[in-house]
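Engineer: Take a look at work-v1.cif, mmCIF, C-alpha atoms:
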```cif
data_protein
#
loop_
_atom_site.group_PDB
_atom_site.id
_atom_site.type_symbol
_atom_site.label_atom_id
_atom_site.label_comp_id
_atom_site.auth_asym_id
_atom_site.auth_seq_id
_atom_site.Cartn_x
_atom_site.Cartn_y
_atom_site.Cartn_z
ATOM 1 C CA MET F 242 -47.980 100.820 -226.473
ATOM 2 C CA MET F 243 -47.607 102.890 -223.363
ATOM 3 C CA GLU F 244 -49.264 101.957 -220.086
ATOM 4 C CA LEU F 245 -51.203 104.907 -218.691
ATOM 5 C CA ASN F 246 -52.448 103.554 -215.393
ATOM 6 C CA LYS F 247 -53.520 100.448 -213.562
ATOM 7 C CA GLU F 248 -56.093 99.812 -210.878
ATOM 8 C CA HIS F 249 -56.472 96.560 -208.960
ATOM 9 C CA VAL F 250 -59.809 95.194 -207.730
ATOM 10 C CA ARG F 251 -60.302 91.808 -206.078
ATOM 11 C CA ILE F 252 -63.526 90.065 -207.076
ATOM 12 C CA ARG F 253 -64.959 87.487 -204.716
ATOM 13 C CA TYR F 254 -68.086 85.338 -204.959
ATOM 14 C CA ASN F 255 -68.969 84.235 -201.415
ATOM 15 C CA GLY F 256 -71.364 81.489 -200.382
ATOM 16 C CA PRO F 257 -72.215 77.783 -200.393
ATOM 17 C CA ALA F 258 -71.089 77.204 -203.986
ATOM 18 C CA VAL F 259 -67.431 77.886 -203.123
ATOM 19 C CA GLN F 260 -67.234 75.980 -199.821
ATOM 20 C CA SER F 261 -65.734 73.042 -201.707
ATOM 21 C CA HIS F 262 -63.090 75.443 -203.112
ATOM 22 C CA TYR F 263 -64.488 74.931 -206.615
ATOM 23 C CA ILE F 264 -66.590 77.268 -208.748
ATOM 24 C CA ASP F 265 -68.807 76.374 -211.713
ATOM 25 C CA VAL F 266 -67.036 77.262 -214.971
ATOM 26 C CA ALA F 267 -70.401 78.303 -216.443
ATOM 27 C CA ASP F 268 -70.771 80.910 -213.681
ATOM 28 C CA LEU F 269 -67.187 82.132 -213.591
ATOM 29 C CA GLY F 270 -66.487 82.135 -217.327
ATOM 30 C CA SER F 271 -69.657 83.998 -218.252
ATOM 31 C CA SER F 272 -69.160 86.515 -215.433
ATOM 32 C CA LEU F 273 -65.532 87.283 -216.271
ATOM 33 C CA ILE F 274 -66.250 87.715 -219.974
ATOM 34 C CA ALA F 275 -69.154 90.020 -219.115
ATOM 35 C CA LEU F 276 -66.957 91.976 -216.698
ATOM 36 C CA GLY F 277 -64.215 92.487 -219.282
ATOM 37 C CA THR F 278 -66.790 93.591 -221.853
ATOM 38 C CA LEU F 279 -68.413 95.994 -219.395
ATOM 39 C CA CYS F 280 -65.065 97.601 -218.500
ATOM 40 C CA GLY F 281 -64.283 97.978 -222.184
ATOM 41 C CA MET F 282 -67.632 99.633 -222.895
ATOM 42 C CA ALA F 283 -67.171 102.105 -220.036
ATOM 43 C CA ASN F 284 -63.684 102.977 -221.262
ATOM 44 C CA THR F 285 -64.802 103.490 -224.878
ATOM 45 C CA ARG F 286 -67.646 105.714 -223.692
ATOM 46 C CA ALA F 287 -65.189 107.940 -221.834
ATOM 47 C CA ASN F 288 -61.961 107.735 -223.834
ATOM 48 C CA GLY F 289 -62.991 106.746 -227.354
ATOM 49 C CA GLU F 290 -61.074 104.273 -229.480
ATOM 50 C CA GLY F 291 -57.630 105.774 -228.774
ATOM 51 C CA ILE F 292 -57.367 104.201 -225.321
ATOM 52 C CA SER F 293 -57.940 100.470 -224.896
ATOM 53 C CA THR F 294 -58.533 98.385 -221.791
ATOM 54 C CA LYS F 295 -56.864 95.138 -220.893
ATOM 55 C CA ALA F 296 -58.454 93.025 -218.161
ATOM 56 C CA MET F 297 -56.072 90.580 -216.492
ATOM 57 C CA VAL F 298 -57.263 87.807 -214.166
ATOM 58 C CA SER F 299 -55.175 85.886 -211.646
ATOM 59 C CA ALA F 300 -56.318 83.146 -209.288
ATOM 60 C CA ASN F 301 -55.679 83.624 -205.570
ATOM 61 C CA THR F 302 -55.949 80.134 -204.098
ATOM 62 C CA ASP F 303 -55.155 81.279 -200.565
ATOM 63 C CA GLN F 304 -58.075 83.712 -200.506
ATOM 64 C CA LYS F 305 -60.212 81.386 -202.680
ATOM 65 C CA CYS F 306 -61.160 84.218 -205.015
ATOM 66 C CA PHE F 307 -60.191 85.707 -208.340
ATOM 67 C CA GLU F 308 -58.434 89.003 -208.881
ATOM 68 C CA LEU F 309 -58.940 91.385 -211.772
ATOM 69 C CA ASP F 310 -56.497 94.045 -212.920
ATOM 70 C CA LEU F 311 -57.675 96.678 -215.379
ATOM 71 C CA CYS F 312 -54.926 98.396 -217.361
ATOM 72 C CA LEU F 313 -55.322 101.264 -219.826
ATOM 73 C CA TYR F 314 -52.956 101.478 -222.783
ATOM 74 C CA CYS F 315 -52.316 104.310 -225.233
ATOM 75 C CA LEU F 316 -52.763 103.113 -228.822
ATOM 76 C CA SER F 317 -52.626 106.311 -230.894
ATOM 77 C CA VAL F 318 -50.080 109.094 -231.319
ATOM 78 C CA TYR F 319 -52.807 111.661 -230.658
ATOM 79 C CA ALA F 320 -53.743 110.037 -227.346
ATOM 80 C CA HIS F 321 -50.038 109.755 -226.468
ATOM 81 C CA VAL F 322 -49.490 113.481 -227.037
ATOM 82 C CA LYS F 323 -52.544 114.352 -224.950
ATOM 83 C CA THR F 324 -51.173 112.174 -222.152
ATOM 84 C CA LEU F 325 -47.793 113.910 -222.206
ATOM 85 C CA LEU F 326 -49.562 117.252 -221.927
ATOM 86 C CA GLY F 327 -51.377 116.017 -218.808
ATOM 87 C CA PRO F 328 -55.048 116.271 -219.891
ATOM 88 C CA ASN F 329 -57.959 116.072 -217.519
ATOM 89 C CA ASP F 330 -60.244 114.373 -220.041
ATOM 90 C CA ILE F 331 -58.685 110.895 -220.087
ATOM 91 C CA ALA F 332 -60.574 108.665 -217.678
ATOM 92 C CA THR F 333 -58.437 106.459 -215.448
ATOM 93 C CA ALA F 334 -59.027 102.823 -214.563
ATOM 94 C CA LYS F 335 -60.014 103.945 -211.067
ATOM 95 C CA GLU F 336 -62.698 106.278 -212.454
ATOM 96 C CA ILE F 337 -64.070 103.510 -214.677
ATOM 97 C CA PHE F 338 -64.384 101.163 -211.705
ATOM 98 C CA LYS F 339 -66.239 103.936 -209.817
ATOM 99 C CA TRP F 340 -68.678 104.497 -212.687
ATOM 100 C CA LEU F 341 -69.406 100.772 -212.728
ATOM 101 C CA GLY F 342 -69.856 100.682 -208.947
ATOM 102 C CA MET F 343 -66.909 98.368 -208.293
ATOM 103 C CA LEU F 344 -65.210 101.091 -206.236
ATOM 104 C CA ARG F 345 -66.937 103.638 -204.031
ATOM 105 C CA GLY F 346 -67.663 106.968 -205.691
ATOM 106 C CA SER F 347 -66.183 110.254 -204.615
ATOM 107 C CA PRO F 348 -68.107 111.705 -202.832
ATOM 108 C CA LYS F 349 -69.575 108.443 -201.531
ATOM 109 C CA ASP F 350 -73.168 109.423 -202.395
ATOM 110 C CA ILE F 351 -72.374 109.247 -206.133
ATOM 111 C CA TRP F 352 -73.480 105.761 -207.139
ATOM 112 C CA GLY F 353 -72.137 103.399 -209.794
ATOM 113 C CA LEU F 354 -73.946 101.197 -212.313
ATOM 114 C CA PHE F 355 -74.429 98.164 -210.042
ATOM 115 C CA GLN F 356 -75.747 100.261 -207.136
ATOM 116 C CA VAL F 357 -78.161 102.313 -209.265
ATOM 117 C CA ALA F 358 -79.640 99.241 -210.985
ATOM 118 C CA ALA F 359 -79.987 97.443 -207.613
ATOM 119 C CA TYR F 360 -81.750 100.494 -206.161
ATOM 120 C CA ILE F 361 -84.162 101.003 -209.071
ATOM 121 C CA GLY F 362 -84.980 97.349 -209.802
ATOM 122 C CA ASN F 363 -88.360 97.303 -211.530
ATOM 123 C CA ARG F 364 -89.532 100.599 -210.026
ATOM 124 C CA GLU F 365 -90.491 103.584 -212.138
ATOM 125 C CA ILE F 366 -88.140 106.583 -212.317
ATOM 126 C CA THR F 367 -90.197 109.630 -211.294
ATOM 127 C CA HIS F 368 -87.532 112.327 -211.434
ATOM 128 C CA LYS F 369 -84.400 112.692 -213.544
ATOM 129 C CA GLU F 370 -82.420 115.803 -214.305
ATOM 130 C CA GLU F 371 -78.868 116.978 -214.831
ATOM 131 C CA THR F 372 -77.404 119.019 -212.013
ATOM 132 C CA THR F 373 -74.059 120.488 -210.973
ATOM 133 C CA ARG F 374 -72.483 120.001 -207.579
ATOM 134 C CA ASN F 375 -68.992 121.185 -206.655
ATOM 135 C CA ASN F 376 -68.317 121.903 -210.343
ATOM 136 C CA GLN F 377 -69.146 118.279 -211.221
ATOM 137 C CA LYS F 378 -71.998 117.484 -213.602
ATOM 138 C CA LEU F 379 -74.239 114.722 -212.217
ATOM 139 C CA ILE F 380 -77.600 113.064 -212.857
ATOM 140 C CA GLU F 381 -80.157 113.379 -210.059
ATOM 141 C CA LEU F 382 -82.675 110.506 -209.739
ATOM 142 C CA ARG F 383 -85.733 109.576 -207.693
ATOM 143 C CA VAL F 384 -87.928 106.488 -208.069
ATOM 144 C CA LYS F 385 -91.556 105.718 -207.315
ATOM 145 C CA GLY F 386 -92.200 104.797 -203.700
ATOM 146 C CA ASN F 387 -89.048 106.452 -202.399
ATOM 147 C CA ASN F 388 -88.352 110.159 -202.143
ATOM 148 C CA ASN F 389 -84.640 109.696 -201.527
ATOM 149 C CA THR F 390 -82.453 111.352 -204.147
ATOM 150 C CA ILE F 391 -79.485 109.504 -205.638
ATOM 151 C CA TYR F 392 -76.708 110.870 -207.824
ATOM 152 C CA LEU F 393 -74.699 109.279 -210.596
ATOM 153 C CA ALA F 394 -71.941 110.433 -212.916
ATOM 154 C CA LEU F 395 -72.787 111.206 -216.548
ATOM 155 C CA PRO F 396 -70.827 108.153 -217.866
ATOM 156 C CA THR F 397 -72.859 105.898 -215.541
ATOM 157 C CA ASP F 398 -76.075 107.356 -216.936
ATOM 158 C CA GLU F 399 -74.853 106.714 -220.490
ATOM 159 C CA LEU F 400 -74.079 103.096 -219.627
ATOM 160 C CA MET F 401 -77.574 102.645 -218.194
ATOM 161 C CA LYS F 402 -78.968 103.479 -221.648
ATOM 162 C CA GLU F 403 -76.845 100.761 -223.289
ATOM 163 C CA PRO F 404 -78.704 97.422 -223.587
ATOM 164 C CA LYS F 405 -75.408 95.515 -223.914
ATOM 165 C CA ALA F 406 -74.056 97.122 -220.733
ATOM 166 C CA ILE F 407 -77.203 96.123 -218.820
ATOM 167 C CA GLN F 408 -77.032 92.569 -220.171
ATOM 168 C CA ASN F 409 -73.390 92.160 -219.142
ATOM 169 C CA MET F 410 -74.052 93.617 -215.680
ATOM 170 C CA GLN F 411 -76.916 91.139 -215.241
ATOM 171 C CA ARG F 412 -74.689 88.217 -216.285
ATOM 172 C CA ILE F 413 -72.253 89.185 -213.533
ATOM 173 C CA ALA F 414 -75.040 89.394 -210.930
ATOM 174 C CA GLU F 415 -76.934 86.260 -212.011
ATOM 175 C CA PRO F 416 -74.911 83.668 -210.006
ATOM 176 C CA VAL F 417 -75.709 85.613 -206.809
ATOM 177 C CA ALA F 418 -79.386 86.062 -207.710
ATOM 178 C CA SER F 419 -79.695 82.306 -208.280
ATOM 179 C CA GLY F 420 -78.850 81.610 -204.620
ATOM 180 C CA ASP F 421 -75.625 79.724 -205.375
ATOM 181 C CA TYR F 422 -73.636 82.545 -203.754
ATOM 182 C CA ASP F 423 -74.435 84.827 -200.818
ATOM 183 C CA ASN F 424 -72.880 87.932 -202.353
ATOM 184 C CA LEU F 425 -70.409 89.340 -204.835
ATOM 185 C CA GLU F 426 -67.680 91.509 -203.349
ATOM 186 C CA PHE F 427 -65.407 94.054 -205.024
ATOM 187 C CA GLU F 428 -62.421 94.937 -202.841
ATOM 188 C CA SER F 429 -60.012 97.768 -203.640
ATOM 189 C CA GLN F 430 -56.262 97.607 -203.125
ATOM 190 C CA ARG F 431 -56.764 100.107 -200.285
ATOM 191 C CA GLY F 432 -59.049 97.697 -198.434
ATOM 192 C CA SER F 433 -62.480 99.258 -198.950
ATOM 193 C CA SER F 434 -65.121 96.973 -200.428
ATOM 194 C CA VAL F 435 -68.464 97.079 -202.215
ATOM 195 C CA LYS F 436 -70.892 94.154 -201.829
ATOM 196 C CA ILE F 437 -73.701 93.028 -204.100
ATOM 197 C CA THR F 438 -76.129 91.009 -201.964
ATOM 198 C CA ALA F 439 -78.590 88.401 -203.221
ATOM 199 C CA GLU F 440 -81.403 90.963 -202.965
ATOM 200 C CA ASP F 441 -79.317 93.515 -204.881
ATOM 201 C CA ALA F 442 -78.608 90.911 -207.567
ATOM 202 C CA ARG F 443 -82.296 90.052 -207.968
ATOM 203 C CA ASN F 444 -83.110 93.754 -208.329
ATOM 204 C CA ILE F 445 -80.353 94.078 -210.946
ATOM 205 C CA LEU F 446 -81.940 91.249 -212.946
ATOM 206 C CA GLU F 447 -85.301 93.024 -212.719
ATOM 207 C CA TYR F 448 -83.872 96.327 -213.936
ATOM 208 C CA SER F 449 -84.843 97.002 -217.543
ATOM 209 C CA ASN F 450 -83.730 99.718 -219.894
ATOM 210 C CA PRO F 451 -86.645 102.115 -220.560
ATOM 211 C CA HIS F 452 -85.885 101.809 -224.300
ATOM 212 C CA GLU F 453 -86.613 98.065 -224.272
ATOM 213 C CA THR F 454 -89.886 96.520 -225.354
ATOM 214 C CA GLU F 455 -91.116 93.183 -224.057
ATOM 215 C CA LYS F 456 -93.545 90.361 -224.786
ATOM 216 C CA THR F 457 -94.834 87.740 -222.361
ATOM 217 C CA LYS F 458 -96.285 84.298 -223.077
ATOM 218 C CA THR F 459 -97.338 81.346 -220.931
ATOM 219 C CA ILE F 460 -96.778 77.712 -221.925
ATOM 220 C CA ILE F 461 -97.095 74.230 -220.449
ATOM 221 C CA THR F 462 -93.701 72.520 -220.549
ATOM 222 C CA GLY F 463 -91.257 70.274 -218.735
ATOM 223 C CA LEU F 464 -88.208 71.478 -216.788
ATOM 224 C CA ILE F 465 -85.447 69.190 -215.504
ATOM 225 C CA VAL F 466 -83.674 70.241 -212.308
ATOM 226 C CA TYR F 467 -80.071 71.341 -212.920
ATOM 227 C CA GLY F 468 -79.116 73.710 -210.088
ATOM 228 C CA PRO F 469 -81.255 73.306 -206.939
ATOM 229 C CA VAL F 470 -80.839 75.639 -203.958
ATOM 230 C CA TYR F 471 -81.458 73.919 -200.621
ATOM 231 C CA THR F 472 -83.171 76.679 -198.687
ATOM 232 C CA LYS F 473 -86.942 76.957 -198.331
ATOM 233 C CA ASP F 474 -86.860 80.660 -199.253
ATOM 234 C CA ALA F 475 -84.917 80.143 -202.494
ATOM 235 C CA LYS F 476 -86.389 82.170 -205.344
ATOM 236 C CA ILE F 477 -84.206 81.198 -208.305
ATOM 237 C CA TRP F 478 -83.300 77.674 -209.467
ATOM 238 C CA LYS F 479 -81.494 76.507 -212.577
ATOM 239 C CA PHE F 480 -83.266 74.086 -214.904
ATOM 240 C CA SER F 481 -82.562 72.363 -218.188
ATOM 241 C CA TYR F 482 -85.100 73.676 -220.687
ATOM 242 C CA GLY F 483 -84.657 71.875 -223.999
ATOM 243 C CA ASP F 484 -80.956 72.192 -224.813
ATOM 244 C CA ALA F 485 -80.483 75.300 -222.646
ATOM 245 C CA ARG F 486 -79.788 75.801 -218.948
ATOM 246 C CA VAL F 487 -81.828 78.693 -217.621
ATOM 247 C CA SER F 488 -82.420 80.492 -214.325
ATOM 248 C CA VAL F 489 -86.080 80.281 -213.348
ATOM 249 C CA ASP F 490 -88.064 82.210 -210.750
ATOM 250 C CA ILE F 491 -89.786 79.655 -208.472
ATOM 251 C CA SER F 492 -90.983 82.186 -205.868
ATOM 252 C CA GLU F 493 -94.696 81.472 -206.464
ATOM 253 C CA THR F 494 -94.284 77.726 -205.881
ATOM 254 C CA ASP F 495 -93.364 75.406 -203.005
ATOM 255 C CA ILE F 496 -90.696 73.591 -205.063
ATOM 256 C CA ALA F 497 -87.894 74.456 -202.627
ATOM 257 C CA GLN F 498 -89.877 73.386 -199.544
ATOM 258 C CA GLN F 499 -91.080 70.131 -201.125
ATOM 259 C CA THR F 500 -87.521 69.295 -202.190
ATOM 260 C CA MET F 501 -86.294 69.775 -198.630
ATOM 261 C CA ASN F 502 -89.157 67.590 -197.374
ATOM 262 C CA ARG F 503 -88.044 64.807 -199.748
ATOM 263 C CA GLY F 504 -84.457 65.150 -198.532
ATOM 264 C CA GLY F 505 -83.002 66.485 -201.776
ATOM 265 C CA THR F 506 -83.107 65.961 -205.531
ATOM 266 C CA ARG F 507 -82.229 63.158 -207.927
ATOM 267 C CA ILE F 508 -80.633 63.381 -211.344
ATOM 268 C CA GLY F 509 -83.529 63.613 -213.797
ATOM 269 C CA ASP F 510 -86.091 65.170 -211.444
ATOM 270 C CA GLU F 511 -88.623 66.823 -213.760
ATOM 271 C CA TYR F 512 -91.476 69.271 -213.299
ATOM 272 C CA LYS F 513 -94.377 69.770 -215.660
ATOM 273 C CA VAL F 514 -95.224 73.433 -215.164
ATOM 274 C CA GLU F 515 -97.098 76.449 -216.362
ATOM 275 C CA LEU F 516 -94.159 78.631 -217.374
ATOM 276 C CA GLU F 517 -94.191 82.369 -218.018
ATOM 277 C CA ILE F 518 -91.566 83.500 -220.539
ATOM 278 C CA ARG F 519 -90.896 87.214 -220.793
ATOM 279 C CA GLN F 520 -89.003 88.272 -223.902
ATOM 280 C CA GLU F 521 -87.267 91.641 -224.003
ATOM 281 C CA LEU F 522 -86.130 93.215 -227.267
ATOM 282 C CA THR F 523 -83.176 95.556 -226.803
ATOM 283 C CA LEU F 524 -82.004 98.426 -228.973
ATOM 284 C CA SER F 525 -79.282 96.184 -230.380
ATOM 285 C CA GLY F 526 -81.984 93.901 -231.788
ATOM 286 C CA ARG F 527 -81.167 91.015 -229.458
ATOM 287 C CA HIS F 528 -83.614 89.172 -227.238
ATOM 288 C CA SER F 529 -83.215 88.386 -223.566
ATOM 289 C CA TYR F 530 -85.518 85.964 -221.759
ATOM 290 C CA HIS F 531 -86.802 85.742 -218.181
ATOM 291 C CA TYR F 532 -88.550 82.626 -216.864
ATOM 292 C CA LYS F 533 -91.043 82.184 -214.015
ATOM 293 C CA ILE F 534 -93.003 79.106 -212.895
ATOM 294 C CA LEU F 535 -96.613 80.113 -212.276
ATOM 295 C CA LYS F 536 -97.890 76.654 -211.334
ATOM 296 C CA VAL F 537 -96.546 73.135 -210.818
ATOM 297 C CA ILE F 538 -98.790 70.654 -212.650
ATOM 298 C CA GLU F 539 -96.863 67.447 -212.033
ATOM 299 C CA PHE F 540 -93.593 66.255 -210.479
ATOM 300 C CA ARG F 541 -91.713 63.226 -211.813
ATOM 301 C CA GLU F 542 -88.913 61.969 -209.609
ATOM 302 C CA GLY F 543 -85.693 60.914 -211.318
ATOM 303 C CA PRO F 544 -84.493 57.290 -211.186
ATOM 304 C CA LYS F 545 -82.870 56.117 -207.990
ATOM 305 C CA GLN F 546 -79.100 56.029 -208.368
ATOM 306 C CA PRO F 547 -77.409 52.666 -207.787
ATOM 307 C CA THR F 548 -75.125 52.397 -204.798
ATOM 308 C CA ILE F 549 -71.536 51.286 -205.267
#
```
What is this file in structure tokens?
Structural biologist:
Amino acid sequence: MMELNKEHVRIRYNGPAVQSHYIDVADLGSSLIALGTLCGMANTRANGEGISTKAMVSANTDQKCFELDLCLYCLSVYAHVKTLLGPNDIATAKEIFKWLGMLRGSPKDIWGLFQVAAYIGNREITHKEETTRNNQKLIELRVKGNNNTIYLALPTDELMKEPKAIQNMQRIAEPVASGDYDNLEFESQRGSSVKITAEDARNILEYSNPHETEKTKTIITGLIVYGPVYTKDAKIWKFSYGDARVSVDISETDIAQQTMNRGGTRIGDEYKVELEIRQELTLSGRHSYHYKILKVIEFREGPKQPTI
């Protein structure tokens, strides 16, 4: 195999969850797997099967973050010959990071996947057409309630039609949307950075592919607190729901405020709630689920822990 190019991006989750210098394996593992998958999908879209991606992760304990290197390797003789001839149609690691929104686009008003999804959120797209600017083909977008025009590269637009790409992007953003982290930062080796704020992350989770269909149901059930967020404005908490741990929208309740009034949570704290479950069916045939508490019916405090 022959290495074509390498691009280095530092990935940093910032916020209360890393003040102890530890990070939840459930958050980090899921995010890194999703990130590797997303990079691979972007590469395959652009370069086909002849060029593969290899995502390498190294811990930086001094900076208390994790670093990701994306390398492209030539796997076929045909791709090797094209490389020797110096083609313009093999996408580099740097271009892939730009399409995903992990590096700033060039020009800067060309947005990547994370930025476009954060901007659109759950708003309706009112205008979409292909355009050409400076000999570069782009997609021009406008959304309902905002007349500003945004531009994205054609590979970014293709990724936005891929249910698996959207799901992996949302897995990466979910720890920030939950309130455990203040933001997610992508920093280039040249020092420029792109930040995904908590508001951006929540919008990313609300973004849905227009090809998806969804069903919503409401049930009465019990939820056991797993990941509380100790701010009165917290909108997302993690709960144990059956055998699963899920992120739940609590924005229409006073759960966060009442928890602060009690001075915190106990292991086993349980809420009986009216729970809205929204099921989305993607083109791949898989289901994704979104949870929201509509009403708290009863609160049962967990047992008091013995002191040692």
Engineer: Give me, as an mmCIF file with C-alpha atoms, in the coordinates of the input, all polymer residues having an atom no more than 12 Å from F:Ser271, counting all atoms listed in the file and skipping those fewer than 5 positions away in the same chain.
Structural biologist:
```cif
data_model
loop_
_atom_site.group_PDB
_atom_site.id
_atom_site.type_symbol
_atom_site.label_atom_id
_atom_site.label_comp_id
_atom_site.auth_asym_id
_atom_site.auth_seq_id
_atom_site.Cartn_x
_atom_site.Cartn_y
_atom_site.Cartn_z
ATOM 1 C CA ASP F 265 -68.807 76.374 -211.713
ATOM 2 C CA VAL F 266 -67.036 77.262 -214.971
ATOM 3 C CA LEU F 276 -66.957 91.976 -216.698
ATOM 4 C CA GLY F 277 -64.215 92.487 -219.282
ATOM 5 C CA THR F 278 -66.790 93.591 -221.853
ATOM 6 C CA GLN F 408 -77.032 92.569 -220.171
ATOM 7 C CA ASN F 409 -73.390 92.160 -219.142
ATOM 8 C CA MET F 410 -74.052 93.617 -215.680
ATOM 9 C CA GLN F 411 -76.916 91.139 -215.241
ATOM 10 C CA ARG F 412 -74.689 88.217 -216.285
ATOM 11 C CA ILE F 413 -72.253 89.185 -213.533
ATOM 12 C CA ALA F 414 -75.040 89.394 -210.930
ATOM 13 C CA GLU F 415 -76.934 86.260 -212.011
ATOM 14 C CA PRO F 416 -74.911 83.668 -210.006
#
```
Engineer: Identify, on the basis of all atoms listed in the file, every residue whose closest approach to F:Leu535 does not exceed 12 Å; exclude the query and any residue fewer than 4 positions from it along the same chain; express the result as an MDAnalysis selection string.
Structural biologist: chainID F and resid 458:462 489:496 513:518
Engineer: Between atom CA of F:Arg519 and atom CA of F:Ile274, what is the distance, to one decimal in Å?
Structural biologist: 24.7 Å
Engineer: Which residue, F:Arg507, F:Lys476, F:Lys436, F:Arg443, has the smallest gap to F:Pro544 when you use all atoms listed in the file?
Structural biologist: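 Looking at the shortest contact to F:Pro544, the residue is F:Arg507.
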Engineer: Could you tell me how far atom CA of F:Gly353 sits from atom CA of F:Leu382, in Å to one decimal place?
Structural biologist: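 Interatomic distance, atom CA of F:Leu382 to atom CA of F:Gly353: 12.7 Å.
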Engineer: Check the smallest atom-to-atom distance from each of F:Thr333, F:Thr390, F:Ser272, F:Thr472 to F:Gly504 using all atoms listed in the file, then report the winner.
Structural biologist: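 Answer, going by the shortest atom-to-atom distance: F:Thr472.
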Engineer: Taking (-65.4, 103.9, -218.1) in the file's coordinates, which residues come within 7 Å, counting only C-alpha atoms, written as a PyMOL selection string?
Structural biologist: chain F and resi 280+282-287+332+336-337+340+396
Engineer: Can you work out which one of F:Gly420, F:Ala442, F:Ile437, F:Lys545 has the shortest atom-to-atom distance to F:Ala475, counting all atoms listed in the file?
Structural biologist: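 Once distances to F:Ala475 are computed over all atoms listed in the file, the minimum belongs to F:Gly420.
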Engineer: Work out how far apart atom CA of F:Ala394 and atom CA of F:Glu428 are and give it in Å to one decimal.
Structural biologist: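 We find that atom CA of F:Ala394 and atom CA of F:Glu428 lie 20.8 Å from each other.
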Engineer: Could you expand the PyMOL selection byres ((chain F and resi 438) around 8) into the explicit residues it covers here, written as JSON, numbers by chain?
Structural biologist: {"F": [417, 423, 424, 425, 436, 437, 439, 440, 441, 442]}
Engineer: Between F:Glu426, F:Asp474, F:Glu381, F:Glu365, which is the closest to F:Thr397 once you count only C-alpha atoms?
Structural biologist: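 Checking each candidate against F:Thr397, we get F:Glu381 as the closest.
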Engineer: Using all atoms listed in the file, which residues of stretch 383-491 of chain F come within 8 Å of stretch 368-379 of chain F, and what is the closest atom pair for each, with the distance in Å to one decimal? Give it as a Markdown table, sorted by chain and residue number.
Structural biologist:
```
| residue | atom | partner | partner_atom | distance |
| --- | --- | --- | --- | --- |
| F:Arg383 | CA | F:His368 | CA | 5.0 |
| F:Val384 | CA | F:His368 | CA | 6.8 |
| F:Tyr392 | CA | F:Leu379 | CA | 6.3 |
| F:Leu393 | CA | F:Leu379 | CA | 5.7 |
| F:Ala394 | CA | F:Leu379 | CA | 4.9 |
| F:Leu395 | CA | F:Leu379 | CA | 5.8 |
```
Engineer: Choose the residue, out of F:Ser529, F:Ser419, F:Thr506, F:Ser434, that has the smallest atom-to-atom separation from F:Gly256; count all atoms listed in the file.
Structural biologist: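 Of the candidates, the smallest distance to F:Gly256 is held by F:Ser419.
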Engineer: So which one's closest to F:Lys405, F:Ser449, F:Gly483, F:Tyr512, F:Thr500? Using all atoms listed in the file, please.
Structural biologist: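 Going through F:Ser449, F:Gly483, F:Tyr512, F:Thr500 one by one, the smallest distance to F:Lys405 is for F:Ser449.
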Engineer: Mind checking which residues fall within 9 Å of F:Leu354, counting all atoms listed in the file, ignoring those fewer than 4 positions away in the same chain, and posting them as a ChimeraX atom specification?
Structural biologist: /F:339-343,358-359,393,397-398,400-401,407,410
Engineer: Translate the PyMOL selection byres ((chain F and resi 466) around 6), as applied to the file shown, into an explicit residue set as a PyMOL selection string.
Structural biologist: chain F and resi 465+467+480+510
Engineer: Name the residues that the PyMOL selection byres ((chain F and resi 362) around 6) pulls out of this structure, and write them as a ChimeraX atom specification.
Structural biologist: /F:358-361,363-364,444-445,447-448
